[in-house]
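Just work_7.csv here, CSV, C-alpha atoms and all ligand atoms:
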```
chain,number,residue,atom,x,y,z
V,1,MET,CA,150.8,20.4,-160.6
V,2,THR,CA,151.9,23.6,-162.5
V,3,SER,CA,151.4,26.6,-160.3
V,4,ILE,CA,151.1,30.2,-161.3
V,5,LEU,CA,151.4,33.3,-159.1
V,6,VAL,CA,149.1,36.2,-160.0
V,7,LEU,CA,150.4,39.4,-158.5
V,8,ASN,CA,148.5,42.7,-158.4
V,9,GLY,CA,150.2,46.0,-157.4
V,10,PRO,CA,149.3,49.4,-156.0
V,11,ASN,CA,145.7,50.7,-156.0
V,12,LEU,CA,144.3,47.6,-157.8
V,13,ASN,CA,142.5,46.8,-154.5
V,14,LEU,CA,140.3,49.7,-155.5
V,15,LEU,CA,139.1,48.2,-158.7
V,16,GLY,CA,135.4,48.4,-159.3
V,17,THR,CA,135.0,51.2,-156.8
V,18,ARG,CA,136.5,54.2,-158.6
V,19,GLN,CA,137.3,55.2,-162.2
V,20,PRO,CA,135.0,52.6,-163.8
V,21,GLU,CA,135.4,54.4,-167.1
V,22,VAL,CA,139.1,53.5,-167.2
V,23,TYR,CA,139.2,50.2,-165.3
V,24,GLY,CA,135.7,48.8,-165.5
V,25,HIS,CA,133.3,47.6,-162.8
V,26,THR,CA,135.0,44.3,-162.0
V,27,THR,CA,136.4,44.2,-158.5
V,28,LEU,CA,139.7,42.6,-157.5
V,29,ALA,CA,137.8,39.9,-155.8
V,30,ASP,CA,135.9,39.2,-159.1
V,31,ILE,CA,139.3,38.9,-160.9
V,32,GLU,CA,140.7,36.6,-158.3
V,33,ALA,CA,137.6,34.4,-158.5
V,34,LEU,CA,137.9,34.4,-162.3
V,35,CYS,CA,141.6,33.4,-162.1
V,36,THR,CA,140.7,30.5,-159.7
V,37,ARG,CA,137.9,29.3,-162.0
V,38,VAL,CA,140.1,29.5,-165.2
V,39,ALA,CA,143.1,27.8,-163.5
V,40,ALA,CA,140.8,24.9,-162.5
V,41,GLU,CA,139.5,24.6,-166.0
V,42,ILE,CA,143.0,24.5,-167.6
V,43,GLY,CA,144.4,22.3,-164.8
V,44,VAL,CA,146.9,24.5,-163.1
V,45,GLY,CA,147.1,25.8,-159.6
V,46,VAL,CA,146.9,29.6,-158.9
V,47,THR,CA,147.7,31.9,-156.0
V,48,CYS,CA,146.6,35.5,-156.1
V,49,MET,CA,148.1,38.3,-154.1
V,50,GLN,CA,147.8,42.1,-154.1
V,51,SER,CA,150.0,44.6,-152.3
V,52,ASN,CA,150.3,48.4,-152.4
V,53,HIS,CA,154.0,48.0,-151.3
V,54,GLU,CA,156.9,47.6,-153.6
V,55,GLY,CA,158.9,45.6,-151.1
V,56,ALA,CA,156.0,43.2,-150.5
V,57,LEU,CA,155.7,42.6,-154.2
V,58,ILE,CA,159.5,41.9,-154.4
V,59,ASP,CA,159.3,39.5,-151.5
V,60,ALA,CA,156.4,37.7,-153.3
V,61,ILE,CA,158.5,37.4,-156.5
V,62,HIS,CA,161.4,36.0,-154.5
V,63,GLY,CA,159.1,33.6,-152.7
V,64,ALA,CA,157.8,32.3,-156.0
V,65,ARG,CA,161.1,30.6,-156.6
V,66,GLY,CA,160.6,26.9,-155.7
V,67,SER,CA,156.8,27.3,-155.1
V,68,HIS,CA,155.5,28.6,-158.4
V,69,ASP,CA,156.4,27.9,-162.1
V,70,GLY,CA,155.4,31.3,-163.6
V,71,ILE,CA,154.2,34.8,-162.6
V,72,VAL,CA,151.5,37.0,-164.0
V,73,ILE,CA,152.0,40.5,-162.8
V,74,ASN,CA,150.0,43.7,-163.0
V,75,ALA,CA,152.4,45.9,-161.3
V,76,GLY,CA,150.2,49.0,-161.6
V,77,ALA,CA,152.2,52.2,-161.6
V,78,TYR,CA,155.3,50.5,-160.4
V,79,THR,CA,155.5,49.1,-164.0
V,80,HIS,CA,156.6,52.6,-165.1
V,81,THR,CA,159.0,53.3,-162.2
V,82,SER,CA,160.5,50.3,-160.6
V,83,ILE,CA,163.9,49.0,-161.5
V,84,ALA,CA,163.7,47.0,-158.2
V,85,LEU,CA,160.7,45.0,-159.5
V,86,MET,CA,162.5,44.5,-162.8
V,87,ASP,CA,165.6,43.2,-161.0
V,88,ALA,CA,163.4,40.9,-158.8
V,89,ILE,CA,161.7,39.3,-161.9
V,90,ALA,CA,165.0,38.9,-163.6
V,91,SER,CA,166.6,37.4,-160.5
V,92,VAL,CA,164.2,34.5,-160.0
V,93,SER,CA,164.5,33.0,-163.5
V,94,LEU,CA,160.8,32.3,-163.7
V,95,PRO,CA,158.8,33.2,-166.8
V,96,ALA,CA,156.6,36.2,-166.1
V,97,ILE,CA,153.8,37.9,-168.1
V,98,GLU,CA,153.2,41.7,-167.7
V,99,LEU,CA,149.5,42.5,-167.7
V,100,HIS,CA,147.4,45.7,-167.7
V,101,LEU,CA,143.7,46.2,-167.7
V,102,SER,CA,143.9,49.3,-169.8
V,103,ASN,CA,145.7,49.9,-173.1
V,104,VAL,CA,148.6,51.8,-171.5
V,105,HIS,CA,149.9,52.8,-175.0
V,106,ALA,CA,146.6,54.7,-175.6
V,107,ARG,CA,147.1,56.7,-172.4
V,108,GLU,CA,149.6,59.3,-171.0
V,109,SER,CA,153.1,59.0,-172.4
V,110,PHE,CA,154.6,58.1,-168.9
V,111,ARG,CA,152.6,54.9,-169.1
V,112,HIS,CA,154.3,53.9,-172.4
V,113,THR,CA,157.5,53.0,-170.6
V,114,SER,CA,157.7,49.7,-168.8
V,115,TYR,CA,160.7,48.6,-166.7
V,116,LEU,CA,159.3,45.1,-166.7
V,117,ALA,CA,159.0,44.6,-170.5
V,118,PRO,CA,162.6,43.6,-171.0
V,119,VAL,CA,162.4,40.8,-168.5
V,120,VAL,CA,159.0,39.2,-169.2
V,121,ILE,CA,158.1,36.7,-171.8
V,122,GLY,CA,155.2,38.7,-173.1
V,123,LEU,CA,152.7,41.5,-172.4
V,124,ILE,CA,148.9,41.7,-172.4
V,125,CYS,CA,147.1,45.0,-172.2
V,126,GLY,CA,143.8,46.6,-173.0
V,127,PHE,CA,141.4,43.7,-172.5
V,128,GLY,CA,140.2,44.5,-169.0
V,129,ALA,CA,139.7,41.6,-166.6
V,130,GLU,CA,139.7,39.2,-169.6
V,131,GLY,CA,143.4,39.9,-169.8
V,132,TYR,CA,143.9,37.7,-166.7
V,133,VAL,CA,142.3,34.8,-168.5
V,134,LEU,CA,144.5,35.4,-171.6
V,135,ALA,CA,147.6,35.6,-169.4
V,136,LEU,CA,146.8,32.4,-167.5
V,137,ARG,CA,146.2,30.5,-170.7
V,138,ALA,CA,149.4,31.9,-172.3
V,139,MET,CA,151.5,31.0,-169.2
V,140,ALA,CA,150.0,27.5,-168.9
V,141,GLY,CA,150.8,27.0,-172.6
V,142,HIS,CA,154.3,28.3,-172.3
V,143,LEU,CA,155.0,26.1,-169.3
V,144,ALA,CA,153.6,23.0,-171.0
V,145,GLN,CA,155.8,23.7,-174.0
V,146,ASN,CA,158.9,24.2,-171.9
V,147,ASP,CA,158.2,21.2,-169.6
V,148,THR,CA,161.2,18.9,-169.4
X,201,LIG,O1,145.8,49.3,-166.7
X,201,LIG,C1,146.4,48.8,-165.7
X,201,LIG,O2,146.1,47.6,-165.3
X,201,LIG,C2,147.4,49.6,-165.0
X,201,LIG,O3,148.4,48.7,-164.5
X,201,LIG,C3,146.7,50.2,-163.8
X,201,LIG,C4,147.5,51.1,-162.9
X,201,LIG,C5,148.2,52.2,-163.8
X,201,LIG,O4,149.1,53.0,-163.1
X,201,LIG,C6,149.0,51.5,-165.0
X,201,LIG,O5,149.5,52.6,-165.8
X,201,LIG,C7,148.1,50.7,-165.8
X,201,LIG,C8,146.7,51.9,-161.9
X,201,LIG,C9,145.9,51.0,-161.0
X,201,LIG,C10,144.9,51.9,-160.3
X,201,LIG,O6,143.8,51.2,-160.1
X,201,LIG,C11,142.7,51.9,-159.7
X,201,LIG,C12,141.5,51.2,-159.7
X,201,LIG,C13,140.3,51.9,-159.3
X,201,LIG,C14,140.4,53.2,-158.9
X,201,LIG,C15,141.6,53.9,-158.9
X,201,LIG,C16,142.7,53.2,-159.3
```

Would you encode the structure as structure tokens?
Amino acid sequence: MTSILVLNGPNLNLLGTRQPEVYGHTTLADIEALCTRVAAEIGVGVTCMQSNHEGALIDAIHGARGSHDGIVINAGAYTHTSIALMDAIASVSLPAIELHLSNVHARESFRHTSYLAPVVIGLICGFGAEGYVLALRAMAGHLAQNDT
């Protein structure tokens, strides 16, 4: 069965508890339950993981090789800073989708830069928790199209 890794980065464990005006009221647990439900509906497997540590995210990306077919990643602020995460995604040769809850392009200029953008197949931002549903569907469609 096709398997997708959903990775969430720093501070996203706080979702639903602070700054609801920016990130909404949905918690990370809600998002992970949503991903599990949607994955079952579309017939793919999903594994969700969150870490506040850059190295742990890199290890998870490396570990995806051989156990997952695609990666959906909300790297949080590491999106705008981490060449190491970019290199990790590029090195595993798995399709990845960059995701943000907020529309990063309508926010501070430092959020307009993404180190991940050049190494992902596409980006989704600004749709809140629904973005994870869109990303899972997009990844499942991409993998089905590229199935050999
Ligand atoms: O919009 C997104 O999903 C972001 O990846 C969220 C990151 C931010 O640095 C990116 O520019 C855009 C921040 C995640 C922080 O999450 C919090 C959740 C609740 C309370 C405080 C922070």

Next on the checklist: Give me, as a PyMOL selection string, all polymer residues having an atom no more than 9 Å from segment 92-109 of chain V, counting all atoms listed in the file and skipping those fewer than 5 positions away in the same chain.
Outcome noted: chain V and resi 22-24+61-65+68-76+79+87+116-117+119-132+135-136+138-139+142-143

Keeping only C-alpha atoms, take the residues you just selected and write them out as a JSON list (two decimals), in the frame of the given file.
```
[["chain", "number", "residue", "atom", "x", "y", "z"],
["V", 22, "VAL", "CA", 139.10, 53.50, -167.20],
["V", 23, "TYR", "CA", 139.20, 50.20, -165.30],
["V", 24, "GLY", "CA", 135.70, 48.80, -165.50],
["V", 61, "ILE", "CA", 158.50, 37.40, -156.50],
["V", 62, "HIS", "CA", 161.40, 36.00, -154.50],
["V", 63, "GLY", "CA", 159.10, 33.60, -152.70],
["V", 64, "ALA", "CA", 157.80, 32.30, -156.00],
["V", 65, "ARG", "CA", 161.10, 30.60, -156.60],
["V", 68, "HIS", "CA", 155.50, 28.60, -158.40],
["V", 69, "ASP", "CA", 156.40, 27.90, -162.10],
["V", 70, "GLY", "CA", 155.40, 31.30, -163.60],
["V", 71, "ILE", "CA", 154.20, 34.80, -162.60],
["V", 72, "VAL", "CA", 151.50, 37.00, -164.00],
["V", 73, "ILE", "CA", 152.00, 40.50, -162.80],
["V", 74, "ASN", "CA", 150.00, 43.70, -163.00],
["V", 75, "ALA", "CA", 152.40, 45.90, -161.30],
["V", 76, "GLY", "CA", 150.20, 49.00, -161.60],
["V", 79, "THR", "CA", 155.50, 49.10, -164.00],
["V", 87, "ASP", "CA", 165.60, 43.20, -161.00],
["V", 116, "LEU", "CA", 159.30, 45.10, -166.70],
["V", 117, "ALA", "CA", 159.00, 44.60, -170.50],
["V", 119, "VAL", "CA", 162.40, 40.80, -168.50],
["V", 120, "VAL", "CA", 159.00, 39.20, -169.20],
["V", 121, "ILE", "CA", 158.10, 36.70, -171.80],
["V", 122, "GLY", "CA", 155.20, 38.70, -173.10],
["V", 123, "LEU", "CA", 152.70, 41.50, -172.40],
["V", 124, "ILE", "CA", 148.90, 41.70, -172.40],
["V", 125, "CYS", "CA", 147.10, 45.00, -172.20],
["V", 126, "GLY", "CA", 143.80, 46.60, -173.00],
["V", 127, "PHE", "CA", 141.40, 43.70, -172.50],
["V", 128, "GLY", "CA", 140.20, 44.50, -169.00],
["V", 129, "ALA", "CA", 139.70, 41.60, -166.60],
["V", 130, "GLU", "CA", 139.70, 39.20, -169.60],
["V", 131, "GLY", "CA", 143.40, 39.90, -169.80],
["V", 132, "TYR", "CA", 143.90, 37.70, -166.70],
["V", 135, "ALA", "CA", 147.60, 35.60, -169.40],
["V", 136, "LEU", "CA", 146.80, 32.40, -167.50],
["V", 138, "ALA", "CA", 149.40, 31.90, -172.30],
["V", 139, "MET", "CA", 151.50, 31.00, -169.20],
["V", 142, "HIS", "CA", 154.30, 28.30, -172.30],
["V", 143, "LEU", "CA", 155.00, 26.10, -169.30]]
```

Checklist entry - Between V:Ala77, V:Val133, V:Ile83, V:Asn146, which one has atoms that come closest to Leu34 of chain V, using all atoms listed in the file? => result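 Distance minimum relative to Leu34 of chain V lands on V:Val133.
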
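Considering the residues V:Met49, V:Val44, V:Thr2, V:Arg111 and counting only C-alpha atoms and all ligand atoms, ligand LIG 201 (chain X) has its shortest atom-to-atom contact with V:Arg111.
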
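Of the residues under consideration (V:Asn52, V:Ser91, V:Val46, V:Glu41), V:Asn52 shows the shortest atom-to-atom contact distance to ligand LIG 201 (chain X) when counting all atoms listed in the file.
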
Checklist entry - Do you know which residues are at most 9 Å from Tyr78 of chain V counting all atoms listed in the file, after dropping those on the same chain fewer than 5 positions away, and could you put them as a PyMOL selection string? => result chain V and resi 9-10+54+83+85+114-115

Item to check | Two-atom distance - atom C7 of ligand LIG 201 (chain X), atom CA of Gly45 of chain V (Å) | outcome: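 If I compute the distance from atom C7 of ligand LIG 201 (chain X) to atom CA of Gly45 of chain V, I get 25.7 Å.
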
Next on the checklist: From the options V:Arg137, V:Leu14, V:Asp30, V:Ala84, which residue's atoms come nearest to Ala56 of chain V, counting all atoms listed in the file?
Outcome noted: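 Closest to Ala56 of chain V, using all atoms listed in the file: V:Ala84.
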
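Closest approach to Thr47 of chain V from the set V:Ser67, V:Ser82, V:Thr113, V:Gln145 is made by V:Ser67, with distances taken over all atoms listed in the file.
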
Next on the checklist: Can you measure atom CA of Gly55 of chain V to atom CA of Thr26 of chain V for me? One decimal in Å is fine.
Outcome noted: 26.3 Å

Checklist entry - What gap, in Å, lies between atom CA of Ile31 of chain V and atom CA of Gly141 of chain V? => result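 Straight-line distance from atom CA of Ile31 of chain V to atom CA of Gly141 of chain V works out to 20.3 Å.
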
Item to check | Nearest-residue call for ligand LIG 201 (chain X), choices V:Leu12, V:Ala88, V:Ile58, V:Ala140, using only C-alpha atoms and all ligand atoms | outcome: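 Among the listed residues, the smallest separation from ligand LIG 201 (chain X) belongs to V:Leu12.
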